[in-house]
Structure formats: C-alpha cells, structure tokens
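Heads up: the structure comes next, in structure tokens.
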Amino acid sequence: MLGRIKQWTAKFLSYAGRLQLIKSVLFAIQSFWSQIFPLPKKIIRGIDTICKRFLWTGETKNKAKALVVWKQLCWPKSAGGLNITDILIWNRAALIKHIWNIDKKKDRVWIQWIYTYYFKQQVVWNVKVKQAVWLTQKILCATKYLNEASIGIKEVMNMQEYSIRLVYDKLRGELPKVEWKRLVCNNIRNPKWIFNLYLAILGRLYMRDILLGWGIAICSDCSLCGRATESHDHLFFKCNYSTVIWRKLLQWLGITRDVHGWNDEIQWTVRHAAGKKQIYVIYRMLLACVVYYIWQERNWRTFRGTQRSCEELIRMIVQEVHCRGNLNFKVARKLQEFNFYR
Ligand SMILES: [Zn+2]
C-alpha cells in the first residue's frame with residue numbers, strides 16, 4: 001500500500017484528489033484482506049497513520065496538523081464526515097460474517113471442517129473457544145463486538161443474506177445528522193469545492209487570526225481588502241471584496257436579499273435552499289464555488305502575489321458554474337434562465 005501511495009505524484013493533487021485515492025486504496029483493503037483475516041490493531045493504526053499523513057500533506061512520512069480528526073472523517077456525510085471506511089469496524093463486520101457463514105453451514109470446505117472439528121452439536125454463538133487455533137479464536141470472539149454495540153446476536157443470525165455494509169453501519173451506531181448535510185452531499189459540484197466548503201463549515205480553514213494565535217509571526221491584515229484582521233467571519237462575508245462578489249452572484253440568480261455573516265448564510269441555505277429543485281441545486285453549487293474561489297484568491301494573493309478584481313472573479317465563477325451545471329441536463333436547462341451576467 002505504501003508503495004502505491006508513494007508512486008502517486010500527490011503533492012500536485014488537491015485534498016479532494018487525495019481523498020479519492022485514499023478511498024480507493026482503503027476499498028481494496030476492505031474488500032480483500034479485511035474479509036479474510038482479523039487485521040491486528042497495530043496494522044490498522046499503521047494504515048490510518050499513512051492515510052492521514054497522505055491526506056493532509058501528500059506525503060507518507062511528514063507529520064502535519066490534521067484539519068479534521070480521522071474518526072470524524074470516517075462518519076457518513078449526513079453526520080458531518082466524509083464517509084472514509086473505518087477499517088477496524090469494517091474488519092469486525094467481516095469477521096462476524098464468518099460466524100454467520102459457520103452458523104448457516106454455508107458450503108465451504110474450511111467452515112465444514114471447523115464445524116465438525118470444534119462445534120459438534122453446539123450453536124456457534126455459544127462455543128467456548130479456548131482450544132481453537134488463533135485465527136479461529138479471533139473469528140469466534142467477534143460476537144463480542146455485537147455485544148459491545150448492543151446488537152442482538154439473533155438479529156444478525158436471522159439475516160437471510162449477510163451484508164457487511166449493514167452490520168458495519170450497526171456496529172458504528174447511529175450518529176446524529178448535521179443540518180447542513182445537503183451542502184456537502186448529493187450534487188454535481190466539483191469535489192474540490194465541496195472539500196473546501198466542508199472545511200469552511202467546520203471552521204477549519206486556517207485564517208491569519210488563528211495562525212497568529214499559534215504564535216506564527218505574520219501580518220494579520222485581510223489580503224482581500226486590507227482593512228481588517230483576517231478571520232473566518234470576516235472573509236465570509238463581511239469583507240468588502242467577498243460581499244460584493246456574493247451580492248452580485250445572488251442577484252444573478254434573482255435572489256434579492258442582503259449578504260449575511262457566515263453562520264446566517266449557512267442557516268439561510270438550510271432553511272431556504274436545501275430542496276431538490278434545480279434552482280436550489282444551482283444555489284448550493286454557487287455557494288461552494290464562491291467559497292472556493294474566495295479562499296483561492298486569498299491564497300494566491302498571499303503566496304503568489306497576484307490579484308484578481310471582483311469582476312474577474314465573478315465572471316470566472318459564473319463560467320465554472322455553467323461548466324459543471326452543463327454535466328446535468330436539468331441543471332443545464334435551468335441555468336439557461338441565468339445565461340446573462342450583467
Ligand atoms: Zn477583507
């Protein structure tokens with residue numbers, strides 16, 4: 001796995017690109033190794049560490065401050081995560097499948113062997129495992145995970161077909177849903193915009209006020225307007241530069257309201273634009289795009305020394321939204337109504 005990650009020229013990838021690669025590698029592990037063996041905790045911790053470092057730095061050796069803790073990234077999107085597979089829990093769900101197979105006496109040679117050798121007339125869930133070999137012990141002990149998660153053994157035993165995904169979800173437990181889930185899932189936006197919006201919603205874009213708080217000596221002025229200390233609330237959307245952009249883009253969509261502060265903007269979206277209608281899909285796409293390009297402009301001014309005017313940024317955002325929107329027939333048709341930007 002390390003070999004594969006090292007081959008990728010990951011430094012040139014965005015967070016969203018690296019996330020995709022991590023998901024594909026973890027998918028390979030979960031769908032193969034994790035279903036055959038009980039993975040030792042040390043190995044799982046090692047895999048997690050490599051993936052974490054890779055996500056935040058593009059390297060496997062460098063440590064970096066994680067913007068979001070790994071555990072949360074493994075939650076479903078509806079609960080404020082990014083749906084990365086939790087290998088430990090997946091492995092447990094896969095081990096329980098072995099027990100389910102044994103219980104159903106599914107026609108596999110080794111299961112039949114275990115059955116005749118260890119269980120004789122006993123029920124698999126009740127078997128004492130002290131005398132079994134390590135691998136078998138591990139598998140038979142997996143019932144304890146069901147107990148830990150307060151899942152009835154019978155409930156699993158009665159499943160007609162075993163679904164690792166279903167048991168995985170049960171083992172992980174119900175997680176409270178976040179009200180902004182619609183902003184980060186189910187739409188056609190660019191993954192980079194969504195990842196950036198996700199960090200913004202969690203307040204994990206490191207603004208200058210936070211960096212100063214860590215004792216990093218930098219100028220605290222907002223690089224977009226130069227008139228205030230750069231903070232999350234200032235950039236979205238109290239800053240003159242970003243206010244002008246967001247106001248004009250709202251007008252472009254025919255929405256006549258004032259530009260609010262960040263939390264109120266998110267609340268407004270949750271209340272008024274969380275539905276499935278095309279206009280809401282476009283609105284959410286636009287919000288993600290605006291947040292992405294304002295953050296990019298801030299970074300470019302800081303690290304590249306280049307500058308784009310409000311007008312330039314607005315035109316680019318409108319273009320980008322059209323490009324993405326055209327990937328979906330219904331959205332593209334709706335976008336025709338807003339074809340002209342004045
Ligand atoms: Zn500013």
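So you can find residues: chains in the structure tokens are A, B, ... in the order shown, residues in each start at 1, and ligands are numbered from 1 in order.
For ligand 1, the neighbouring polymer residues at 8 Å or closer are Asp221, Cys222, Ser223, Leu224, Cys225, Gly226, Arg227, Ala228, Thr229, Glu230, His234, Leu235, Lys238, Cys239, Asn240, Tyr241 and Ser242 of chain A, only C-alpha atoms and all ligand atoms being used.
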Name the residues in contact with segment 256-264 of chain A at a cut-off of 9 Å, using only C-alpha atoms, excluding same-chain residues fewer than 6 positions from it; report them as a PDB file with N, CA and C atoms, in the first residue's frame.
ATOM      1  N   ILE A 201     -17.220  25.018   6.652  1.00  0.00           N
ATOM      2  CA  ILE A 201     -18.351  24.828   7.565  1.00  0.00           C
ATOM      3  C   ILE A 201     -17.849  24.397   8.946  1.00  0.00           C
ATOM      4  N   HIS A 232     -12.335  34.034   9.863  1.00  0.00           N
ATOM      5  CA  HIS A 232     -13.321  33.301   9.084  1.00  0.00           C
ATOM      6  C   HIS A 232     -14.556  34.167   8.823  1.00  0.00           C
ATOM      7  N   ASP A 233     -15.040  34.789   9.893  1.00  0.00           N
ATOM      8  CA  ASP A 233     -16.255  35.604   9.751  1.00  0.00           C
ATOM      9  C   ASP A 233     -16.021  36.819   8.865  1.00  0.00           C
ATOM     10  N   HIS A 234     -14.806  37.333   8.885  1.00  0.00           N
ATOM     11  CA  HIS A 234     -14.531  38.486   8.032  1.00  0.00           C
ATOM     12  C   HIS A 234     -14.536  38.069   6.553  1.00  0.00           C
ATOM     13  N   LEU A 235     -13.837  36.988   6.270  1.00  0.00           N
ATOM     14  CA  LEU A 235     -13.704  36.577   4.863  1.00  0.00           C
ATOM     15  C   LEU A 235     -15.055  36.154   4.281  1.00  0.00           C
ATOM     16  N   PHE A 236     -15.861  35.481   5.101  1.00  0.00           N
ATOM     17  CA  PHE A 236     -17.188  35.029   4.645  1.00  0.00           C
ATOM     18  C   PHE A 236     -18.260  35.611   5.547  1.00  0.00           C
ATOM     19  N   PHE A 237     -19.005  36.648   5.276  1.00  0.00           N
ATOM     20  CA  PHE A 237     -18.820  37.516   4.136  1.00  0.00           C
ATOM     21  C   PHE A 237     -18.875  38.978   4.606  1.00  0.00           C
ATOM     22  N   LYS A 238     -17.993  39.322   5.535  1.00  0.00           N
ATOM     23  CA  LYS A 238     -18.008  40.713   5.983  1.00  0.00           C
ATOM     24  C   LYS A 238     -17.015  41.568   5.200  1.00  0.00           C
ATOM     25  N   THR A 243     -18.115  40.410  -0.069  1.00  0.00           N
ATOM     26  CA  THR A 243     -19.524  40.844  -0.029  1.00  0.00           C
ATOM     27  C   THR A 243     -20.000  41.241  -1.422  1.00  0.00           C
ATOM     28  N   VAL A 244     -19.178  42.033  -2.107  1.00  0.00           N
ATOM     29  CA  VAL A 244     -19.549  42.490  -3.450  1.00  0.00           C
ATOM     30  C   VAL A 244     -19.785  41.284  -4.358  1.00  0.00           C
ATOM     31  N   TRP A 246     -20.479  38.075  -3.583  1.00  0.00           N
ATOM     32  CA  TRP A 246     -21.634  37.242  -3.217  1.00  0.00           C
ATOM     33  C   TRP A 246     -22.942  37.978  -3.513  1.00  0.00           C
ATOM     34  N   ARG A 247     -22.981  39.291  -3.259  1.00  0.00           N
ATOM     35  CA  ARG A 247     -24.208  40.053  -3.533  1.00  0.00           C
ATOM     36  C   ARG A 247     -24.550  40.001  -5.027  1.00  0.00           C
ATOM     37  N   LEU A 250     -25.788  36.566  -6.034  1.00  0.00           N
ATOM     38  CA  LEU A 250     -27.160  36.322  -5.580  1.00  0.00           C
ATOM     39  C   LEU A 250     -28.134  36.998  -6.546  1.00  0.00           C
TER      40      LEU A 250
END
Shell of 10 Å around Phe27 of chain A, only C-alpha atoms, local chain residues under 5 positions omitted, as a ChimeraX atom specification
/A:21-22,32,34,84-85,87
Any chance you could export the current selection's C-alpha atoms as a PDB file, in the first residue's frame?
ATOM      1  CA  LEU A  21      -7.095   7.874  -3.809  1.00  0.00           C
ATOM      2  CA  ILE A  22      -7.314   7.001  -0.118  1.00  0.00           C
ATOM      3  CA  PHE A  32      -9.990  -8.203   0.212  1.00  0.00           C
ATOM      4  CA  SER A  34     -10.111  -7.342   5.780  1.00  0.00           C
ATOM      5  CA  ILE A  84     -13.984   7.120   4.643  1.00  0.00           C
ATOM      6  CA  THR A  85     -14.097   3.450   5.622  1.00  0.00           C
ATOM      7  CA  ILE A  87     -11.034  -0.345   8.661  1.00  0.00           C
TER       8      ILE A  87
END
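Omitting Phe329 of chain A and its sequence neighbours fewer than 6 positions away, and counting only C-alpha atoms, the residues within 12 Å are A:Ile188, A:Gln278, A:His322, A:Cys323, A:Leu335, A:Gln336.
Residues in contact range of Arg172 of chain A, defined as at most 8 Å between only C-alpha atoms, with sequence neighbours fewer than 4 positions away removed, read Ile89, Ala149 and Tyr168 of chain A.
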Could you turn the residues from that selection into a file that holds C-alpha atoms, as an mmCIF file, in the first residue's frame?
data_model
loop_
_atom_site.group_PDB
_atom_site.id
_atom_site.type_symbol
_atom_site.label_atom_id
_atom_site.label_comp_id
_atom_site.auth_asym_id
_atom_site.auth_seq_id
_atom_site.Cartn_x
_atom_site.Cartn_y
_atom_site.Cartn_z
ATOM 1 C CA ILE A 89 -15.044 -1.608 12.251
ATOM 2 C CA ALA A 149 -22.663 -2.347 20.202
ATOM 3 C CA TYR A 168 -20.743 -2.111 9.669
#
Selected residue, from A:Ser14, A:Gln137, A:Ile279, A:Leu55, that lies nearest to Arg333 of chain A when counting only C-alpha atoms
A:Ile279
Which of segment 177-313 of chain A fall in alpha helix (DSSP H), as a ChimeraX atom specification:
/A:181-184,191-201,208-213,232-233,240-252,262-272,278-303,310-313
List the spatial neighbours of Cys289 of chain A as a ChimeraX atom specification - criterion: any atom at most 12 Å away, only C-alpha atoms, same-chain residues fewer than 6 positions off excluded.
/A:183,188-197,245-246,249,282-283,295-296,313-325
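Residues in contact range of segment 178-181 of chain A, defined as at most 6 Å between only C-alpha atoms, with sequence neighbours fewer than 4 positions away removed, read A:Ser78, A:Ala79, A:Gly80.
Shortest separation to Tyr206 of chain A among A:Val331, A:Ile99, A:Gln20, A:Asn299 occurs at residue A:Asn299, atoms counted being only C-alpha atoms.
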Rounded to one decimal in Å, what is the spacing between atom CA of Ala66 of chain A and atom CA of Trp268 of chain A?
29.3 Å
Best match for closeness to Ala288 of chain A among A:Trp214, A:Tyr198, A:Arg45, A:Lys276, counting only C-alpha atoms:
A:Tyr198
